[in-house]
$ cat target-v5.pdb   # PDB, C-alpha atoms
ATOM      1  CA  MET E 112      -2.527  26.803   1.011
ATOM      2  CA  SER E 113       0.666  26.450  -1.004
ATOM      3  CA  GLU E 114       3.259  26.107   1.787
ATOM      4  CA  ILE E 115       3.405  23.553   4.597
ATOM      5  CA  ASP E 116       6.058  23.698   7.300
ATOM      6  CA  GLY E 117       8.361  20.698   7.439
ATOM      7  CA  LEU E 118       7.286  19.231   4.108
ATOM      8  CA  SER E 119       9.724  17.425   1.856
ATOM      9  CA  GLY E 120       7.408  15.961  -0.722
ATOM     10  CA  SER E 121       3.923  16.663  -2.060
ATOM     11  CA  VAL E 122       0.443  17.036  -0.570
ATOM     12  CA  SER E 123      -2.957  17.177  -2.219
ATOM     13  CA  VAL E 124      -6.295  17.602  -0.451
ATOM     14  CA  LEU E 125      -9.543  17.459  -2.399
ATOM     15  CA  LYS E 126     -13.149  18.148  -1.464
ATOM     16  CA  GLY E 127     -15.156  16.379  -4.113
ATOM     17  CA  PRO E 128     -13.352  17.008  -7.409
ATOM     18  CA  ASP E 129     -11.951  20.360  -6.247
ATOM     19  CA  VAL E 130      -8.342  20.665  -5.088
ATOM     20  CA  VAL E 131      -8.346  22.635  -1.829
ATOM     21  CA  VAL E 132      -4.690  22.168  -0.888
ATOM     22  CA  ARG E 133      -1.791  21.526  -3.266
ATOM     23  CA  ALA E 134       1.722  21.915  -1.961
ATOM     24  CA  SER E 135       5.192  20.637  -2.801
ATOM     25  CA  ALA E 136       8.500  21.431  -1.136
ATOM     26  CA  GLY E 137      11.977  20.073  -0.579
ATOM     27  CA  ILE E 138      14.614  18.432  -2.713
ATOM     28  CA  ALA E 139      13.563  15.477  -4.841
ATOM     29  CA  ASP E 140      17.119  14.560  -5.831
ATOM     30  CA  ALA E 141      20.116  16.161  -4.147
ATOM     31  CA  ASP E 142      22.450  14.950  -6.910
ATOM     32  CA  SER E 143      20.587  16.703  -9.714
ATOM     33  CA  GLY E 144      19.156  19.541  -7.638
ATOM     34  CA  ALA E 145      15.591  18.674  -8.725
ATOM     35  CA  MET E 146      12.885  19.934  -6.394
ATOM     36  CA  CYS E 147       9.647  18.183  -5.449
ATOM     37  CA  THR E 148       6.649  19.180  -7.564
ATOM     38  CA  PRO E 149       3.088  17.814  -7.922
ATOM     39  CA  ARG E 150       4.420  15.645 -10.806
ATOM     40  CA  THR E 151       7.183  14.075  -8.716
ATOM     41  CA  ARG E 152       6.819  10.339  -8.258
ATOM     42  CA  PHE E 153       7.459   8.709  -4.888
ATOM     43  CA  GLN E 154       7.533   5.195  -3.551
ATOM     44  CA  VAL E 155       4.077   4.966  -1.979
ATOM     45  CA  ALA E 156       5.198   2.065   0.262
ATOM     46  CA  SER E 157       2.269   0.245   1.901
ATOM     47  CA  LEU E 158      -0.315   2.234  -0.024
ATOM     48  CA  SER E 159       0.585  -0.387  -2.626
ATOM     49  CA  LYS E 160      -1.594  -2.812  -0.649
ATOM     50  CA  GLN E 161      -4.712  -1.013  -1.892
ATOM     51  CA  PHE E 162      -3.752  -1.940  -5.444
ATOM     52  CA  THR E 163      -2.897  -5.513  -4.417
ATOM     53  CA  ALA E 164      -6.249  -6.002  -2.706
ATOM     54  CA  ALA E 165      -8.097  -4.514  -5.688
ATOM     55  CA  ALA E 166      -6.220  -6.819  -8.083
ATOM     56  CA  ALA E 167      -7.178  -9.818  -5.970
ATOM     57  CA  MET E 168     -10.823  -8.718  -5.845
ATOM     58  CA  LEU E 169     -10.892  -8.347  -9.634
ATOM     59  CA  LEU E 170      -9.903 -12.000  -9.895
ATOM     60  CA  VAL E 171     -12.543 -12.920  -7.320
ATOM     61  CA  GLU E 172     -15.074 -11.118  -9.527
ATOM     62  CA  ASP E 173     -13.752 -13.119 -12.502
ATOM     63  CA  SER E 174     -14.220 -16.369 -10.496
ATOM     64  CA  VAL E 175     -10.493 -17.039 -10.884
ATOM     65  CA  LEU E 176      -9.800 -16.645  -7.141
ATOM     66  CA  ALA E 177     -11.998 -17.132  -4.078
ATOM     67  CA  LEU E 178     -11.646 -15.484  -0.685
ATOM     68  CA  ASP E 179     -12.230 -18.535   1.512
ATOM     69  CA  VAL E 180     -10.492 -21.321  -0.425
ATOM     70  CA  PRO E 181      -7.023 -22.475   0.765
ATOM     71  CA  ILE E 182      -4.319 -21.005  -1.444
ATOM     72  CA  PRO E 183      -2.906 -24.326  -2.795
ATOM     73  CA  GLU E 184      -5.899 -24.256  -5.141
ATOM     74  CA  TRP E 185      -3.827 -21.812  -7.246
ATOM     75  CA  TRP E 186      -0.311 -22.050  -5.826
ATOM     76  CA  HIS E 187       0.084 -25.793  -6.015
ATOM     77  CA  ASP E 188       3.592 -26.019  -4.542
ATOM     78  CA  CYS E 189       3.155 -23.376  -1.846
ATOM     79  CA  PRO E 190       5.080 -23.995   1.399
ATOM     80  CA  ALA E 191       3.492 -26.686   3.559
ATOM     81  CA  GLN E 192       3.060 -24.356   6.547
ATOM     82  CA  TRP E 193       0.879 -22.024   4.479
ATOM     83  CA  ARG E 194      -1.417 -24.599   2.929
ATOM     84  CA  GLY E 195      -4.261 -23.712   5.283
ATOM     85  CA  LEU E 196      -4.173 -19.990   4.502
ATOM     86  CA  THR E 197      -6.922 -18.308   2.506
ATOM     87  CA  LEU E 198      -6.933 -15.109   0.492
ATOM     88  CA  HIS E 199      -9.186 -13.583   3.151
ATOM     89  CA  ASP E 200      -6.605 -14.353   5.842
ATOM     90  CA  LEU E 201      -3.830 -12.700   3.836
ATOM     91  CA  LEU E 202      -5.772  -9.588   2.794
ATOM     92  CA  SER E 203      -7.066  -8.949   6.320
ATOM     93  CA  HIS E 204      -3.710  -9.602   8.065
ATOM     94  CA  THR E 205      -5.116 -12.579   9.972
ATOM     95  CA  SER E 206      -2.890 -15.179   8.290
ATOM     96  CA  GLY E 207      -0.560 -15.526  11.281
ATOM     97  CA  LEU E 208       2.391 -14.414   9.148
ATOM     98  CA  GLY E 209       4.704 -11.891  10.760
ATOM     99  CA  HIS E 210       6.135  -8.631   9.446
ATOM    100  CA  TRP E 211       9.686  -8.091   8.134
ATOM    101  CA  GLN E 212      11.286  -8.350  11.568
ATOM    102  CA  ALA E 213       9.966 -11.899  11.921
ATOM    103  CA  LEU E 214      12.826 -13.066   9.690
ATOM    104  CA  PRO E 215      16.006 -12.917  11.812
ATOM    105  CA  GLY E 216      19.003 -11.402  10.082
ATOM    106  CA  LEU E 217      16.991 -10.029   7.169
ATOM    107  CA  GLY E 218      19.375  -8.319   4.748
ATOM    108  CA  LEU E 219      19.141  -6.592   1.390
ATOM    109  CA  GLU E 220      20.307  -9.751  -0.354
ATOM    110  CA  ASP E 221      17.152 -11.448   0.893
ATOM    111  CA  LEU E 222      14.966  -8.912  -0.916
ATOM    112  CA  ARG E 223      16.489  -9.219  -4.384
ATOM    113  CA  ASP E 224      14.637 -12.429  -5.207
ATOM    114  CA  VAL E 225      11.065 -12.779  -4.008
ATOM    115  CA  GLY E 226      11.048 -16.549  -4.368
ATOM    116  CA  THR E 227      14.132 -16.937  -2.162
ATOM    117  CA  PHE E 228      12.693 -14.534   0.400
ATOM    118  CA  LEU E 229       9.370 -16.415   0.561
ATOM    119  CA  ASP E 230      11.206 -19.730   0.929
ATOM    120  CA  ARG E 231      13.116 -18.345   3.908
ATOM    121  CA  PHE E 232      10.023 -16.746   5.388
ATOM    122  CA  ALA E 233       8.087 -20.014   5.095
ATOM    123  CA  ALA E 234      10.487 -21.531   7.623
ATOM    124  CA  VAL E 235       9.370 -19.029  10.278
ATOM    125  CA  ALA E 236       6.610 -20.294  12.571
ATOM    126  CA  LEU E 237       3.222 -18.619  12.282
ATOM    127  CA  ARG E 238       2.491 -16.160  15.078
ATOM    128  CA  SER E 239      -1.032 -17.542  15.418
ATOM    129  CA  MET E 240      -3.384 -19.926  13.688
ATOM    130  CA  PRO E 241      -4.900 -18.604  10.426
ATOM    131  CA  GLY E 242      -7.952 -16.443  11.069
ATOM    132  CA  GLU E 243      -7.275 -16.265  14.808
ATOM    133  CA  ALA E 244      -5.608 -12.884  15.358
ATOM    134  CA  TRP E 245      -4.499  -9.632  13.719
ATOM    135  CA  HIS E 246      -0.812  -9.317  12.856
ATOM    136  CA  TYR E 247       0.215  -6.728  10.265
ATOM    137  CA  SER E 248       2.225  -8.542   7.590
ATOM    138  CA  SER E 249       3.718  -7.027   4.468
ATOM    139  CA  PRO E 250       5.104 -10.460   3.519
ATOM    140  CA  GLY E 251       1.490 -11.637   3.508
ATOM    141  CA  TYR E 252       0.843  -9.274   0.612
ATOM    142  CA  LEU E 253       3.880 -10.680  -1.218
ATOM    143  CA  VAL E 254       2.063 -13.991  -0.969
ATOM    144  CA  VAL E 255      -1.089 -12.406  -2.449
ATOM    145  CA  ALA E 256       0.943 -11.141  -5.410
ATOM    146  CA  ARG E 257       2.454 -14.613  -5.864
ATOM    147  CA  ILE E 258      -1.058 -16.144  -5.863
ATOM    148  CA  ILE E 259      -2.175 -13.623  -8.505
ATOM    149  CA  GLU E 260       0.795 -14.608 -10.654
ATOM    150  CA  GLN E 261       0.126 -18.316 -10.179
ATOM    151  CA  ALA E 262      -3.579 -17.946 -10.966
ATOM    152  CA  THR E 263      -3.098 -15.784 -14.071
ATOM    153  CA  GLY E 264       0.237 -17.015 -15.398
ATOM    154  CA  ARG E 265       1.349 -13.389 -15.724
ATOM    155  CA  PRO E 266       3.763 -11.087 -13.875
ATOM    156  CA  TYR E 267       1.953  -9.250 -11.105
ATOM    157  CA  ALA E 268       2.996  -5.807 -12.395
ATOM    158  CA  ASP E 269       1.624  -6.568 -15.856
ATOM    159  CA  PHE E 270      -1.743  -7.623 -14.437
ATOM    160  CA  VAL E 271      -2.106  -4.512 -12.269
ATOM    161  CA  THR E 272      -1.028  -2.234 -15.100
ATOM    162  CA  GLU E 273      -3.520  -3.729 -17.545
ATOM    163  CA  ARG E 274      -6.499  -4.117 -15.210
ATOM    164  CA  ILE E 275      -6.111  -1.084 -12.933
ATOM    165  CA  LEU E 276      -3.581   1.555 -13.984
ATOM    166  CA  ARG E 277      -4.521   1.871 -17.658
ATOM    167  CA  PRO E 278      -8.328   1.747 -17.225
ATOM    168  CA  CYS E 279      -8.087   4.419 -14.521
ATOM    169  CA  GLY E 280      -5.787   6.629 -16.601
ATOM    170  CA  LEU E 281      -3.037   6.585 -13.966
ATOM    171  CA  GLU E 282      -0.260   7.660 -16.320
ATOM    172  CA  GLU E 283       2.080   8.769 -13.529
ATOM    173  CA  THR E 284       1.872   5.465 -11.634
ATOM    174  CA  SER E 285       4.048   2.398 -12.187
ATOM    175  CA  LEU E 286       5.241  -0.715 -10.399
ATOM    176  CA  GLY E 287       8.661  -2.184  -9.770
ATOM    177  CA  GLY E 288      12.156  -1.471  -8.542
ATOM    178  CA  THR E 289      13.335   0.681 -11.439
ATOM    179  CA  SER E 290      13.073   4.386 -10.635
ATOM    180  CA  PRO E 291      10.639   6.058 -13.063
ATOM    181  CA  ARG E 292      11.228   9.480 -14.594
ATOM    182  CA  GLU E 293      10.787  12.453 -12.248
ATOM    183  CA  ALA E 294      11.284  10.158  -9.255
ATOM    184  CA  ALA E 295      12.164  11.464  -5.805
ATOM    185  CA  ARG E 296      15.096   9.882  -4.029
ATOM    186  CA  GLY E 297      14.544   8.830  -0.430
ATOM    187  CA  TYR E 298      16.373  10.428   2.498
ATOM    188  CA  ARG E 299      16.844  10.034   6.237
ATOM    189  CA  THR E 300      17.947  13.241   7.961
ATOM    190  CA  GLY E 301      19.298  14.474   4.645
ATOM    191  CA  ARG E 302      21.229  11.307   3.763
ATOM    192  CA  ARG E 303      20.074   9.200   0.850
ATOM    193  CA  VAL E 304      18.697   5.811   1.936
ATOM    194  CA  ASP E 305      16.183   4.785  -0.741
ATOM    195  CA  LEU E 306      16.486   1.072  -1.422
ATOM    196  CA  VAL E 307      15.098  -0.108  -4.733
ATOM    197  CA  GLU E 308      14.898  -3.637  -3.315
ATOM    198  CA  PHE E 309      11.833  -2.613  -1.301
ATOM    199  CA  ALA E 310      10.144  -1.078  -4.331
ATOM    200  CA  ALA E 311      10.796  -4.284  -6.255
ATOM    201  CA  LEU E 312       8.750  -6.427  -3.853
ATOM    202  CA  PRO E 313       5.479  -7.112  -5.692
ATOM    203  CA  GLY E 314       2.273  -6.593  -3.771
ATOM    204  CA  ALA E 315       3.688  -5.061  -0.597
ATOM    205  CA  ALA E 316       5.470  -1.818  -1.466
ATOM    206  CA  ASP E 317       6.073  -1.755  -5.218
ATOM    207  CA  VAL E 318       4.033   1.213  -6.478
ATOM    208  CA  TRP E 319       5.485   4.574  -7.550
ATOM    209  CA  SER E 320       2.953   7.392  -7.914
ATOM    210  CA  THR E 321       2.095  11.062  -7.502
ATOM    211  CA  VAL E 322      -0.389  12.696  -5.158
ATOM    212  CA  GLY E 323      -2.541  13.559  -8.164
ATOM    213  CA  ASP E 324      -2.720   9.966  -9.360
ATOM    214  CA  LEU E 325      -3.465   8.700  -5.848
ATOM    215  CA  ALA E 326      -6.371  11.122  -5.573
ATOM    216  CA  ALA E 327      -7.589  10.047  -9.014
ATOM    217  CA  TYR E 328      -7.322   6.394  -7.998
ATOM    218  CA  THR E 329      -9.402   7.043  -4.876
ATOM    219  CA  ALA E 330     -12.076   8.765  -6.970
ATOM    220  CA  ALA E 331     -12.123   5.820  -9.378
ATOM    221  CA  PHE E 332     -12.321   3.346  -6.490
ATOM    222  CA  ASN E 333     -15.248   5.218  -4.966
ATOM    223  CA  SER E 334     -17.102   5.429  -8.279
ATOM    224  CA  GLY E 335     -16.908   1.701  -8.999
ATOM    225  CA  ALA E 336     -14.365   2.076 -11.806
ATOM    226  CA  VAL E 337     -11.735  -0.103 -10.103
ATOM    227  CA  VAL E 338     -13.799  -2.948  -8.656
ATOM    228  CA  THR E 339     -17.563  -3.427  -8.448
ATOM    229  CA  PRO E 340     -19.476  -1.614  -5.689
ATOM    230  CA  ALA E 341     -19.960  -4.970  -3.952
ATOM    231  CA  SER E 342     -16.210  -5.662  -3.961
ATOM    232  CA  ARG E 343     -15.499  -2.123  -2.812
ATOM    233  CA  GLU E 344     -17.788  -2.599   0.187
ATOM    234  CA  LYS E 345     -16.005  -5.823   1.100
ATOM    235  CA  MET E 346     -12.674  -3.997   1.001
ATOM    236  CA  ILE E 347     -13.753  -1.164   3.297
ATOM    237  CA  THR E 348     -15.893  -3.220   5.690
ATOM    238  CA  LEU E 349     -14.463  -4.432   8.998
ATOM    239  CA  ARG E 350     -12.740  -7.786   8.573
ATOM    240  CA  THR E 351     -10.676  -7.779  11.762
ATOM    241  CA  ALA E 352     -10.073  -5.514  14.743
ATOM    242  CA  ILE E 353      -6.645  -3.907  15.005
ATOM    243  CA  THR E 354      -5.443  -4.944  18.435
ATOM    244  CA  ASP E 355      -2.619  -2.427  18.827
ATOM    245  CA  LYS E 356      -1.948   1.188  17.850
ATOM    246  CA  TRP E 357      -0.688   0.269  14.381
ATOM    247  CA  GLY E 358      -1.745   2.831  11.769
ATOM    248  CA  SER E 359      -2.720   5.435  14.374
ATOM    249  CA  LEU E 360      -0.863   8.755  14.392
ATOM    250  CA  GLY E 361      -1.937  12.182  15.645
ATOM    251  CA  PRO E 362      -5.449  12.831  14.283
ATOM    252  CA  VAL E 363      -5.611   9.335  12.746
ATOM    253  CA  VAL E 364      -7.061   6.373  14.641
ATOM    254  CA  ALA E 365      -7.085   2.923  13.049
ATOM    255  CA  ASP E 366      -9.396   0.518  14.856
ATOM    256  CA  SER E 367      -9.983  -2.180  12.233
ATOM    257  CA  TYR E 368      -8.868  -3.438   8.837
ATOM    258  CA  GLY E 369     -10.697  -4.410   5.658
ATOM    259  CA  TYR E 370      -8.827  -5.585   2.572
ATOM    260  CA  GLY E 371      -5.943  -3.202   1.848
ATOM    261  CA  TYR E 372      -7.464  -0.428   3.964
ATOM    262  CA  CYS E 373      -7.446   0.646   7.589
ATOM    263  CA  LEU E 374     -10.827   1.669   8.954
ATOM    264  CA  GLY E 375     -11.255   4.248  11.673
ATOM    265  CA  THR E 376     -11.286   8.013  11.977
ATOM    266  CA  VAL E 377      -9.322  11.014  10.739
ATOM    267  CA  ALA E 378      -9.853  14.099  12.889
ATOM    268  CA  GLY E 379     -12.858  12.362  14.417
ATOM    269  CA  ARG E 380     -14.543  11.627  11.059
ATOM    270  CA  ALA E 381     -15.111   8.133   9.698
ATOM    271  CA  ALA E 382     -12.452   7.286   7.146
ATOM    272  CA  PHE E 383     -10.702   4.504   5.269
ATOM    273  CA  PHE E 384      -6.999   5.018   4.767
ATOM    274  CA  HIS E 385      -3.507   3.569   4.837
ATOM    275  CA  PRO E 386      -0.102   4.816   6.017
ATOM    276  CA  GLY E 387       3.153   3.680   4.482
ATOM    277  CA  ASP E 388       6.900   3.792   4.956
ATOM    278  CA  ASN E 389       9.760   2.475   2.875
ATOM    279  CA  PRO E 390      13.391   3.345   3.603
ATOM    280  CA  GLY E 391      13.550   7.070   2.771
ATOM    281  CA  TYR E 392       9.826   7.512   2.097
ATOM    282  CA  LEU E 393       6.576   8.148   3.989
ATOM    283  CA  SER E 394       3.038   8.098   2.624
ATOM    284  CA  PHE E 395      -0.582   8.505   3.657
ATOM    285  CA  LEU E 396      -3.818   8.292   1.685
ATOM    286  CA  ALA E 397      -7.253   8.761   3.209
ATOM    287  CA  CYS E 398     -10.864   9.141   2.159
ATOM    288  CA  LEU E 399     -13.408  10.773   4.490
ATOM    289  CA  PRO E 400     -16.722   9.814   2.843
ATOM    290  CA  GLU E 401     -18.992  12.020   4.978
ATOM    291  CA  LEU E 402     -17.076  15.110   3.867
ATOM    292  CA  ASP E 403     -16.208  13.830   0.376
ATOM    293  CA  VAL E 404     -12.571  14.577   1.211
ATOM    294  CA  THR E 405      -9.426  12.858  -0.056
ATOM    295  CA  VAL E 406      -5.992  13.481   1.463
ATOM    296  CA  ALA E 407      -2.782  12.306  -0.230
ATOM    297  CA  ILE E 408       0.659  12.823   1.323
ATOM    298  CA  LEU E 409       3.942  11.600  -0.185
ATOM    299  CA  ALA E 410       7.299  12.427   1.379
ATOM    300  CA  ASN E 411      10.899  11.521   0.571
ATOM    301  CA  GLU E 412      12.389  12.316   3.987
ATOM    302  CA  GLU E 413      11.808  10.071   6.998
ATOM    303  CA  ASP E 414      11.935  13.037   9.384
ATOM    304  CA  VAL E 415       8.727  14.485   7.919
ATOM    305  CA  SER E 416       5.798  14.408  10.372
ATOM    306  CA  VAL E 417       2.660  13.142   8.651
ATOM    307  CA  SER E 418       0.692  14.025  11.792
ATOM    308  CA  ASP E 419       1.848  17.648  11.648
ATOM    309  CA  ILE E 420       0.945  17.883   7.962
ATOM    310  CA  LEU E 421      -2.527  16.486   8.624
ATOM    311  CA  GLU E 422      -3.098  18.896  11.488
ATOM    312  CA  SER E 423      -2.042  21.720   9.155
ATOM    313  CA  VAL E 424      -4.231  20.838   6.163
ATOM    314  CA  LEU E 425      -7.363  19.250   7.642
ATOM    315  CA  PRO E 426      -8.834  22.561   8.898
ATOM    316  CA  GLU E 427      -9.041  23.612   5.246
ATOM    317  CA  VAL E 428     -11.746  20.997   4.597
ATOM    318  CA  MET E 429     -13.406  20.343   7.966
TER     319      MET E 429
END

$ encode --input "target-v5.pdb" --output "structure tokens"
Amino acid sequence: MSEIDGLSGSVSVLKGPDVVVRASAGIADADSGAMCTPRTRFQVASLSKQFTAAAAMLLVEDSVLALDVPIPEWWHDCPAQWRGLTLHDLLSHTSGLGHWQALPGLGLEDLRDVGTFLDRFAAVALRSMPGEAWHYSSPGYLVVARIIEQATGRPYADFVTERILRPCGLEETSLGGTSPREAARGYRTGRRVDLVEFAALPGAADVWSTVGDLAAYTAAFNSGAVVTPASREKMITLRTAITDKWGSLGPVVADSYGYGYCLGTVAGRAAFFHPGDNPGYLSFLACLPELDVTVAILANEEDVSVSDILESVLPEVM
């Protein structure tokens, strides 16, 4: 399959190491006329959380961080309201922190400096007590990135690049708000809306990548080349039940969350996965272990239907 109706972006579907579906379509950059190709880089949005969780688990393996210790152990001047939070709470979305809309009047100026944003967000009351309930929270993953920086004394992007991207050979993957070469611009109904401020937020939505690199990352994660097998199992084992329909679309059903991964089914088969959306971009990455199938979808148009793409490509590997 080389053509997929409604696609503006790139898709790759693998069974084992073999590419079964590879397709790219649509305009990557209307200004230059560049078209989407398998080498085009996209903002992967919340797929970034897989990298954040892996980075945190590497530091747990190094005995630098611990999952169940309150975060002031490493972030000594963290906001008072968050002093009872643990890394486990943040990674599993049971911290009580809200999502972006929890900060009234959130504007682009609030996203240009992570420290200022976190200070403002710390003034918002927790939705529930830590560990008590599931609430999806991208700001919670900003906090994880801040903890990694505090614990290592290094910029988050540098740590992830050195410990994950380079060892895995992910040469087409980078972090940060600066658009890399061969980058797709984001669009909404044909109008450009990509906001680099979102891609600059470390830990939540800061990764740029290609479908090929995402598939390679999944293979490395499954083989134990990213984190140890024990850490991998912790990341893809149920940590909390998802109490709403978040993460479910068409053939995808998310019923629980690990660390950086949704757990549930894709087309009725057990899977671990994550959806993502930044302004102008959509993403989806899934692994179906029983079938040894990996599905990577990156789009630069918000009108693209990830559900329709999945329903089109999944029969090729089921």

$ resolve_selection --input "target-v5.pdb" --expression "the PyMOL selection byres ((chain E and resi 235) around 12)" --output "list in words"
Pro190, Ala191, Gln192, Trp193, Gly207, Leu208, Gly209, His210, Trp211, Gln212, Ala213, Leu214, Pro215, Phe228, Leu229, Asp230, Arg231, Phe232, Ala233, Ala234, Ala236, Leu237, Arg238, Ser239 and Pro250 of chain E

$ residues_near_point --input "target-v5.pdb" --point "(0.1, -24.3, -10.6)" --cutoff "9 Å" --atoms "all atoms listed in the file" --output "compact mmCIF listing (two decimals) with C-alpha atoms, in the frame of the given file"
# COMPACT_ATOMS: atom_id res chain seq x y z
CA PRO E 183 -2.91 -24.33 -2.80
CA GLU E 184 -5.90 -24.26 -5.14
CA TRP E 185 -3.83 -21.81 -7.25
CA TRP E 186 -0.31 -22.05 -5.83
CA HIS E 187 0.08 -25.79 -6.02
CA ASP E 188 3.59 -26.02 -4.54
CA GLN E 261 0.13 -18.32 -10.18
CA ALA E 262 -3.58 -17.95 -10.97
CA GLY E 264 0.24 -17.02 -15.40

$ closest_residue --input "target-v5.pdb" --among "E:Thr376, E:Thr321, E:Thr354, E:Asn411" --to "Arg299 of chain E" --atoms "all atoms listed in the file"
E:Asn411

$ resolve_selection --input "target-v5.pdb" --expression "the PyMOL selection byres ((chain E and resi 304) around 10)" --output "PyMOL selection string"
chain E and resi 296-303+305-307+389-392+411-413

$ atom_distance --input "target-v5.pdb" --atom1 "atom CA of Ile115 of chain E" --atom2 "atom CA of Val322 of chain E"
15.1 Å

$ atom_distance --input "target-v5.pdb" --atom1 "atom CA of Glu243 of chain E" --atom2 "atom CA of Ala165 of chain E"
23.6 Å

$ closest_residue --input "target-v5.pdb" --among "E:Leu421, E:Leu118, E:Val254, E:Leu393" --to "Met146 of chain E" --atoms "all atoms listed in the file"
E:Leu118

$ axis_aligned_box --input "target-v5.pdb" --around "segment 241-246 of chain E" --padding-each-side "4 Å" --output "AutoDock Vina command-line options"
--center_x -4.4 --center_y -14.0 --center_z 12.9 --size_x 15.1 --size_y 17.3 --size_z 12.9

$ resolve_selection --input "target-v5.pdb" --expression "the PyMOL selection byres ((chain E and resi 275-290) around 10)" --output "ChimeraX atom specification"
/E:150-155,159,162,165-166,169,223,267-274,291-296,306-314,316-325,327-328,330-332,336-338
